[in-house]
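Quick notes on the structure that follows.
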Amino acid sequence: MNRLTTLILAVLAIGAFFYIRTLGDPPVETAVAEPLIPEEILAGVQEIECMLFSREVLKLEREPGGHFIMRFGRNSRGEQWLYQDEVRQALVAQLLRALEDSTRTLTLEGEPTEDDLLRTQLEPAKYWIAVRSEQAECRIHFGSDVPGTFDIYARVEGENSLFQTGRQVPNILEYNVQDWRETQVFDFDPLTVNEVEVVRYQGDEEPEVLVAVREGSRNWRIHEPRILQADSGTLQSLVHQACNLQIVRFLGQDLLNPKLSEMTGIPDSPRGYVLLKSGAFAQTLEVGFKYDDEETAARLLDRDENLTLALDAEALQRVFEVDFESLRSRVFTPAIESTTVMLEAKSPSGDTQWHAERTGLHPRGDWSFTVPFERSVHEGVAPHSWPQVVAEFDRLEIQEFLGPDYPFEPEIVLTVQWLAGQIRRDLSLEVMREGDRVLARASDQAGEVVVAQDKLRDIAFLDPRLHQDRLVLPAHDEYLPKATKFLFEPTDGRTIHLKKKPGANPPEAVLDTHDEGALLTSAVSNLYGYPAVELLPEESVSDSGFDSSRFRLTLASRPKESQPDQEVVITVGGEGPRGFYCRVEPTFPGLLVVIERNRLQDLLDLAAGDL
């Protein structure tokens with residue numbers, strides 16, 4: 001080799017080195033795994049036929065819209081596909097995904113011999129599957145597991161080759177025919193069911209009928225046996241229980257079997273049926289006899305009228321034998337506490353006993369009485385607070401239904417009005433007392449007389465005087481600066497006159513003859529702006545509970561210079577468990593006002609001392 005040739009080879013070698021360093025190694029072709037089923041067949045699957053591990057043969061047929069049904073069963077004469085039924089769509093979807101994900105992982109070289117097919121359990125096959133589109137079919141036979149791997153031996157019928165594939169498809173073929181059948185009774189989402197019908201046959205008598213219809217997204221109303229408000233929560237629970245009913249066993253698909261008909265009552269002597277509607281679609285479950293202690297026979301008319309099923313007896317009983325009365329609403333009003341704007345009680349003749357309403361249209365307004373007097377209501381948390389009255393009305397429940405023909409003579413007509421958006425709605429309750437219970441008849445309950453909770457008695461026959469605002473005296477900064485006179489009369493007969501000290505700020509009352517007026521002023525100021533603990537009818541407290549042996553305090557004010565003095569007289573009597581019984585006149589005529597002991601303690605001390 002001469003120098004020129006050597007030089008050329010060296011240049012080529014250096015060029016090749018830099019080419020490889022710059023561009024990398026040349027690409028290497030990789031084998032693409034062949035799909036188990038050709039893609040053009042999977043893209044248009046119309047039918048799947050398979051022999052399961054149980055040796056049963058099953059056919060899945062796609063209907064318009066993509067829904068699959070199943071066919072199965074053969075007789076002794078070899079006639080195939082005797083029965084049709086609903087298939088578990090989730091299991092079909094799982095099978096389709098397995099077919100799409102499966103590949104032929106390793107194709108064995110050479111044509112398999114008969115010994116190879118016997119050894120791999122491909123002749124006869126353990127299970128097989130045929131996938132058909134409108135144009136073509138592919139049938140795969142599956143054999144035994146490949147030792148040391150997670151694969152299984154398989155071959156395509158009509159091809160002289162043997163390959164390995166994953167167990168995704170064979171695992172699904174190990175379900176038997178009964179596993180493939182749909183066990184859900186009603187094919188509805190419970191939230192879409194808009195009507196329920198339960199009919200129970202009563203021999204020669206009229207059947208018991210329940211028809212309930214959804215109104216809006218949440219509320220239900222009973223239409224049969226008559227129009228009634230339903231308990232929406234209980235009704236929706238019934239729908240959920242119906243939609244969750246499961247088939248325990250398939251008893252048979254031949255209604256002409258006299259022995260089975262005698263045991264189940266289907267089709268000649270059913271006990272009734274349960275019907276659900278979702279939109280324009282309906283499904284009917286016919287209920288037969290109890291098949292044994294734990295199962296009840298039934299038939300789904302919309303699925304296969306020849307198919308007799310066995311359902312869990314207890315689960316079906318909760319739906320079919322439901323007490324219709326338990327589905328009725330046991331509340332008089334919806335949740336309206338925050339939107340209630342008016343409460344009113346009238347006599348049957350129309351005379352208003354009391355009337356209370358929120359001020360203004362906004363539901364958060366303050367409450368006031370307009371009848372029998374005009375005054376704010378008591379908003380505190382003590383007994384007889386008005387918010388508690390409104391809340392209890394909202395929670396009134398029905399304890400018993402007596403029927404529309406029960407003797408009823410109303411004593412009071414109670415009306416509640418609330419806001420539904422910008423619309424005012426109202427409900428009237430006719431109320432009467434019968435012994436130790438209270439009866440009512442609501443305007444929206446079809447004339448039904450019911451036994452209500454005892455709290456309805458307290459609301460309908462309440463004494464409005466006990467619910468008025470309990471401020472004994474106006475607030476300190478509104479009243480005391482205008483005070484012109486204090487009269488303090490201790491039990492020893494003394495009458496102590498005080499007058500406002502000119503220029504005092506805060507004002508200070510002084511005695512006409514003493515200089516301890518500041519003590520009395522301080523004691524009296526404890527009463528200003530503080531609510532009474534309780535209001536009581538004077539007749540409810542015995543003479544021993546109230547006496548005038550403590551003291552009497554007269555307070556006079558002049559709101560405007562052009563007006564005369566206005567007096568409030570507080571007479572302090574005996575002491576009860578919550579404070580002192582006092583008369584406050586003329587503010588609370590006919591009532592005793594309970595004032596806490598600590599509000600009167602300084603006055604008590606002064607009454608016992610020597611001013």
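Residues are referred to by chain and number: the chain letter is A, B, ... according to the order shown in the structure tokens, the number counts from 1 in that chain, and ligands are numbered separately from 1 in the order shown.
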
If we count only C-alpha atoms, what is near Glu286 in chain A at a cut-off of 12 Å, once residues fewer than 6 positions away on the same chain are taken out, given as a PyMOL selection string?
chain A and resi 185+197-201+264-276+296-311+316+320

Generate the output file for the selected residues, N, CA, C and O atoms, as a short mmCIF file (atom, residue, chain, number, x, y, z; two decimals), in the first residue's frame.
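Output (out.cif):
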data_model
loop_
_atom_site.label_atom_id
_atom_site.label_comp_id
_atom_site.auth_asym_id
_atom_site.auth_seq_id
_atom_site.Cartn_x
_atom_site.Cartn_y
_atom_site.Cartn_z
N VAL A 185 -82.10 -5.06 39.08
CA VAL A 185 -83.51 -5.19 38.68
C VAL A 185 -83.94 -4.00 37.82
O VAL A 185 -84.35 -4.17 36.68
N GLU A 197 -94.87 3.70 41.45
CA GLU A 197 -96.21 3.12 41.59
C GLU A 197 -96.07 1.75 42.25
O GLU A 197 -95.30 0.91 41.78
N VAL A 198 -96.78 1.56 43.35
CA VAL A 198 -96.81 0.28 44.04
C VAL A 198 -98.27 -0.15 44.15
O VAL A 198 -99.10 0.59 44.67
N VAL A 199 -98.57 -1.34 43.63
CA VAL A 199 -99.93 -1.86 43.65
C VAL A 199 -99.91 -3.22 44.33
O VAL A 199 -99.12 -4.10 43.96
N ARG A 200 -100.77 -3.38 45.32
CA ARG A 200 -100.89 -4.66 46.04
C ARG A 200 -102.32 -5.17 45.87
O ARG A 200 -103.28 -4.50 46.24
N TYR A 201 -102.44 -6.38 45.32
CA TYR A 201 -103.75 -6.97 45.10
C TYR A 201 -104.31 -7.50 46.42
O TYR A 201 -103.57 -8.04 47.26
N THR A 264 -94.47 -20.05 42.64
CA THR A 264 -94.13 -18.63 42.58
C THR A 264 -95.34 -17.72 42.43
O THR A 264 -95.25 -16.52 42.68
N GLY A 265 -96.49 -18.26 41.97
CA GLY A 265 -97.65 -17.42 41.71
C GLY A 265 -97.54 -16.64 40.42
O GLY A 265 -98.38 -15.79 40.13
N ILE A 266 -96.51 -16.90 39.64
CA ILE A 266 -96.28 -16.19 38.38
C ILE A 266 -96.49 -17.17 37.23
O ILE A 266 -95.95 -18.27 37.25
N PRO A 267 -97.33 -16.83 36.24
CA PRO A 267 -97.92 -15.51 35.98
C PRO A 267 -99.37 -15.37 36.44
O PRO A 267 -99.94 -14.30 36.24
N ASP A 268 -99.97 -16.42 36.99
CA ASP A 268 -101.42 -16.42 37.19
C ASP A 268 -101.88 -15.72 38.46
O ASP A 268 -102.98 -15.17 38.48
N SER A 269 -101.09 -15.72 39.53
CA SER A 269 -101.55 -15.20 40.83
C SER A 269 -100.52 -14.29 41.47
O SER A 269 -100.09 -14.53 42.61
N PRO A 270 -100.09 -13.22 40.79
CA PRO A 270 -99.11 -12.32 41.42
C PRO A 270 -99.73 -11.56 42.57
O PRO A 270 -100.95 -11.39 42.65
N ARG A 271 -98.89 -11.10 43.47
CA ARG A 271 -99.35 -10.32 44.62
C ARG A 271 -99.43 -8.83 44.31
O ARG A 271 -100.03 -8.07 45.08
N GLY A 272 -98.86 -8.39 43.21
CA GLY A 272 -98.87 -6.98 42.84
C GLY A 272 -97.64 -6.64 42.03
O GLY A 272 -96.96 -7.53 41.50
N TYR A 273 -97.34 -5.35 41.95
CA TYR A 273 -96.17 -4.96 41.18
C TYR A 273 -95.61 -3.63 41.68
O TYR A 273 -96.28 -2.87 42.37
N VAL A 274 -94.35 -3.37 41.28
CA VAL A 274 -93.67 -2.10 41.55
C VAL A 274 -93.24 -1.54 40.20
O VAL A 274 -92.59 -2.23 39.41
N LEU A 275 -93.61 -0.30 39.93
CA LEU A 275 -93.28 0.34 38.66
C LEU A 275 -92.50 1.62 38.93
O LEU A 275 -92.88 2.41 39.80
N LEU A 276 -91.41 1.80 38.18
CA LEU A 276 -90.62 3.03 38.24
C LEU A 276 -90.60 3.67 36.86
O LEU A 276 -90.51 2.96 35.85
N THR A 296 -87.92 -14.21 47.35
CA THR A 296 -89.27 -13.99 46.83
C THR A 296 -89.20 -14.01 45.31
O THR A 296 -88.30 -13.42 44.71
N ALA A 297 -90.17 -14.68 44.70
CA ALA A 297 -90.20 -14.78 43.24
C ALA A 297 -90.70 -13.47 42.64
O ALA A 297 -91.52 -12.76 43.23
N ALA A 298 -90.22 -13.16 41.44
CA ALA A 298 -90.62 -11.94 40.76
C ALA A 298 -90.41 -12.09 39.27
O ALA A 298 -89.78 -13.05 38.80
N ARG A 299 -90.95 -11.12 38.51
CA ARG A 299 -90.80 -11.14 37.05
C ARG A 299 -90.66 -9.71 36.55
O ARG A 299 -91.44 -8.83 36.94
N LEU A 300 -89.67 -9.46 35.73
CA LEU A 300 -89.48 -8.15 35.11
C LEU A 300 -90.16 -8.15 33.75
O LEU A 300 -89.65 -8.73 32.79
N LEU A 301 -91.33 -7.49 33.66
CA LEU A 301 -92.12 -7.56 32.44
C LEU A 301 -91.42 -6.91 31.26
O LEU A 301 -91.60 -7.31 30.12
N ASP A 302 -90.61 -5.88 31.52
CA ASP A 302 -89.96 -5.15 30.43
C ASP A 302 -88.64 -5.78 30.02
O ASP A 302 -88.01 -5.33 29.06
N ARG A 303 -88.22 -6.83 30.73
CA ARG A 303 -86.95 -7.48 30.41
C ARG A 303 -87.19 -8.79 29.66
O ARG A 303 -86.67 -8.99 28.57
N ASP A 304 -87.95 -9.68 30.26
CA ASP A 304 -88.31 -10.94 29.62
C ASP A 304 -89.49 -11.51 30.39
O ASP A 304 -89.34 -11.95 31.54
N GLU A 305 -90.66 -11.49 29.79
CA GLU A 305 -91.86 -11.91 30.51
C GLU A 305 -91.86 -13.40 30.83
O GLU A 305 -92.64 -13.88 31.63
N ASN A 306 -90.97 -14.16 30.21
CA ASN A 306 -90.87 -15.59 30.50
C ASN A 306 -89.86 -15.90 31.60
O ASN A 306 -89.68 -17.06 31.97
N LEU A 307 -89.17 -14.89 32.11
CA LEU A 307 -88.09 -15.09 33.06
C LEU A 307 -88.60 -14.93 34.49
O LEU A 307 -89.14 -13.88 34.85
N THR A 308 -88.45 -15.98 35.30
CA THR A 308 -88.83 -15.92 36.71
C THR A 308 -87.56 -15.76 37.54
O THR A 308 -86.59 -16.50 37.39
N LEU A 309 -87.58 -14.75 38.43
CA LEU A 309 -86.40 -14.39 39.21
C LEU A 309 -86.63 -14.69 40.68
O LEU A 309 -87.77 -14.84 41.14
N ALA A 310 -85.55 -14.73 41.44
CA ALA A 310 -85.62 -14.78 42.89
C ALA A 310 -84.87 -13.57 43.44
O ALA A 310 -83.71 -13.35 43.10
N LEU A 311 -85.56 -12.77 44.26
CA LEU A 311 -84.97 -11.58 44.88
C LEU A 311 -84.87 -11.79 46.38
O LEU A 311 -85.60 -12.62 46.95
N LEU A 316 -86.86 -6.80 49.06
CA LEU A 316 -88.06 -6.55 48.28
C LEU A 316 -89.22 -6.14 49.18
O LEU A 316 -90.04 -5.28 48.80
N PHE A 320 -91.91 -3.28 48.37
CA PHE A 320 -93.26 -3.68 47.97
C PHE A 320 -94.26 -3.58 49.12
O PHE A 320 -95.42 -3.20 48.91
#

I'd like to know which residues of range 200-267 of chain A are strand (DSSP E) (by DSSP, run on the backbone); could you write them as an MDAnalysis selection string?
chainID A and resid 200:202 205:215 219:224 228:229 247:252

Within 6 Å of Ala345 in chain A using only C-alpha atoms, minus same-chain residues under 2 positions, as an MDAnalysis selection string
chainID A and resid 353:354 413:414

With all heavy atoms retained, export the selected residues as a PDB file, in the first residue's frame.
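Written output follows (selection.pdb):
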ATOM      1  N   GLN A 353    -107.108  37.409  66.917  1.00  0.00           N
ATOM      2  CA  GLN A 353    -106.683  37.286  68.303  1.00  0.00           C
ATOM      3  C   GLN A 353    -105.317  37.943  68.508  1.00  0.00           C
ATOM      4  O   GLN A 353    -105.104  38.633  69.490  1.00  0.00           O
ATOM      5  CB  GLN A 353    -106.608  35.804  68.697  1.00  0.00           C
ATOM      6  CG  GLN A 353    -107.884  35.025  68.418  1.00  0.00           C
ATOM      7  CD  GLN A 353    -109.060  35.590  69.195  1.00  0.00           C
ATOM      8  OE1 GLN A 353    -109.022  35.675  70.424  1.00  0.00           O
ATOM      9  NE2 GLN A 353    -110.104  35.985  68.481  1.00  0.00           N
ATOM     10  N   TRP A 354    -104.419  37.702  67.578  1.00  0.00           N
ATOM     11  CA  TRP A 354    -103.127  38.380  67.592  1.00  0.00           C
ATOM     12  C   TRP A 354    -102.527  38.307  66.187  1.00  0.00           C
ATOM     13  O   TRP A 354    -102.860  37.428  65.401  1.00  0.00           O
ATOM     14  CB  TRP A 354    -102.172  37.804  68.633  1.00  0.00           C
ATOM     15  CG  TRP A 354    -101.932  36.315  68.544  1.00  0.00           C
ATOM     16  CD1 TRP A 354    -102.561  35.337  69.247  1.00  0.00           C
ATOM     17  CD2 TRP A 354    -100.969  35.651  67.709  1.00  0.00           C
ATOM     18  NE1 TRP A 354    -102.081  34.102  68.898  1.00  0.00           N
ATOM     19  CE2 TRP A 354    -101.088  34.265  67.965  1.00  0.00           C
ATOM     20  CE3 TRP A 354    -100.022  36.079  66.790  1.00  0.00           C
ATOM     21  CZ2 TRP A 354    -100.311  33.317  67.319  1.00  0.00           C
ATOM     22  CZ3 TRP A 354     -99.230  35.126  66.137  1.00  0.00           C
ATOM     23  CH2 TRP A 354     -99.391  33.761  66.416  1.00  0.00           C
ATOM     24  N   VAL A 413    -107.828  29.637  63.948  1.00  0.00           N
ATOM     25  CA  VAL A 413    -107.243  29.472  62.624  1.00  0.00           C
ATOM     26  C   VAL A 413    -105.886  30.170  62.647  1.00  0.00           C
ATOM     27  O   VAL A 413    -105.814  31.395  62.799  1.00  0.00           O
ATOM     28  CB  VAL A 413    -108.123  30.059  61.513  1.00  0.00           C
ATOM     29  CG1 VAL A 413    -107.452  29.878  60.154  1.00  0.00           C
ATOM     30  CG2 VAL A 413    -109.499  29.395  61.525  1.00  0.00           C
ATOM     31  N   LEU A 414    -104.847  29.378  62.519  1.00  0.00           N
ATOM     32  CA  LEU A 414    -103.472  29.890  62.595  1.00  0.00           C
ATOM     33  C   LEU A 414    -102.909  29.966  61.179  1.00  0.00           C
ATOM     34  O   LEU A 414    -102.945  28.983  60.434  1.00  0.00           O
ATOM     35  CB  LEU A 414    -102.628  28.956  63.455  1.00  0.00           C
ATOM     36  CG  LEU A 414    -101.204  29.375  63.789  1.00  0.00           C
ATOM     37  CD1 LEU A 414    -101.197  30.640  64.621  1.00  0.00           C
ATOM     38  CD2 LEU A 414    -100.492  28.253  64.539  1.00  0.00           C
TER      39      LEU A 414
END

Check the DSSP output for the backbone and give back, as a list in words, the residues of range 52-173 of chain A in alpha helix (DSSP H).
Gln89, Ala90, Leu91, Val92, Ala93, Gln94, Leu95, Leu96, Arg97, Ala98, Leu99, Glu100, Asp101, Glu114, Asp115, Asp116, Leu117, Leu118, Arg119, Gln168, Val169, Pro170, Asn171, Ile172 and Leu173 of chain A

Just give me the gap between CA of Pro564 in chain A and CA of Tyr581 in chain A in Å, one decimal is fine.
29.0 Å

Could you give me, as number ranges by chain, the residues within 7 Å of Thr370 in chain A, counting only C-alpha atoms and dropping anything in the same chain fewer than 4 positions from it?
A: 355-356, 374-375

Limited to N, CA, C and O atoms, could you put the picked residues into a file as a compact mmCIF listing (two decimals), in the first residue's frame?
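The file below, selection21.txt, is the result:
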# COMPACT_ATOMS: atom_id res chain seq x y z
N HIS A 355 -101.69 39.29 65.89
CA HIS A 355 -101.07 39.38 64.57
C HIS A 355 -99.66 39.90 64.77
O HIS A 355 -99.45 40.92 65.42
N ALA A 356 -98.68 39.18 64.21
CA ALA A 356 -97.27 39.60 64.31
C ALA A 356 -96.63 39.48 62.94
O ALA A 356 -96.92 38.54 62.19
N GLU A 374 -99.71 47.45 69.59
CA GLU A 374 -98.57 47.69 68.72
C GLU A 374 -97.32 47.79 69.57
O GLU A 374 -97.15 48.75 70.33
N ARG A 375 -96.50 46.76 69.45
CA ARG A 375 -95.30 46.74 70.26
C ARG A 375 -94.33 45.71 69.69
O ARG A 375 -94.74 44.71 69.11

Leaving out His223 in chain A and any residue of its chain fewer than 3 positions from it, which residues lie within 9 Å of it when counting only C-alpha atoms, given as a list of chain:residue names?
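My list of contacting residues is A:Leu210, A:Val211, A:Ala212, A:Val213, A:Arg226, A:Ile227, A:Leu228, A:Gln229.
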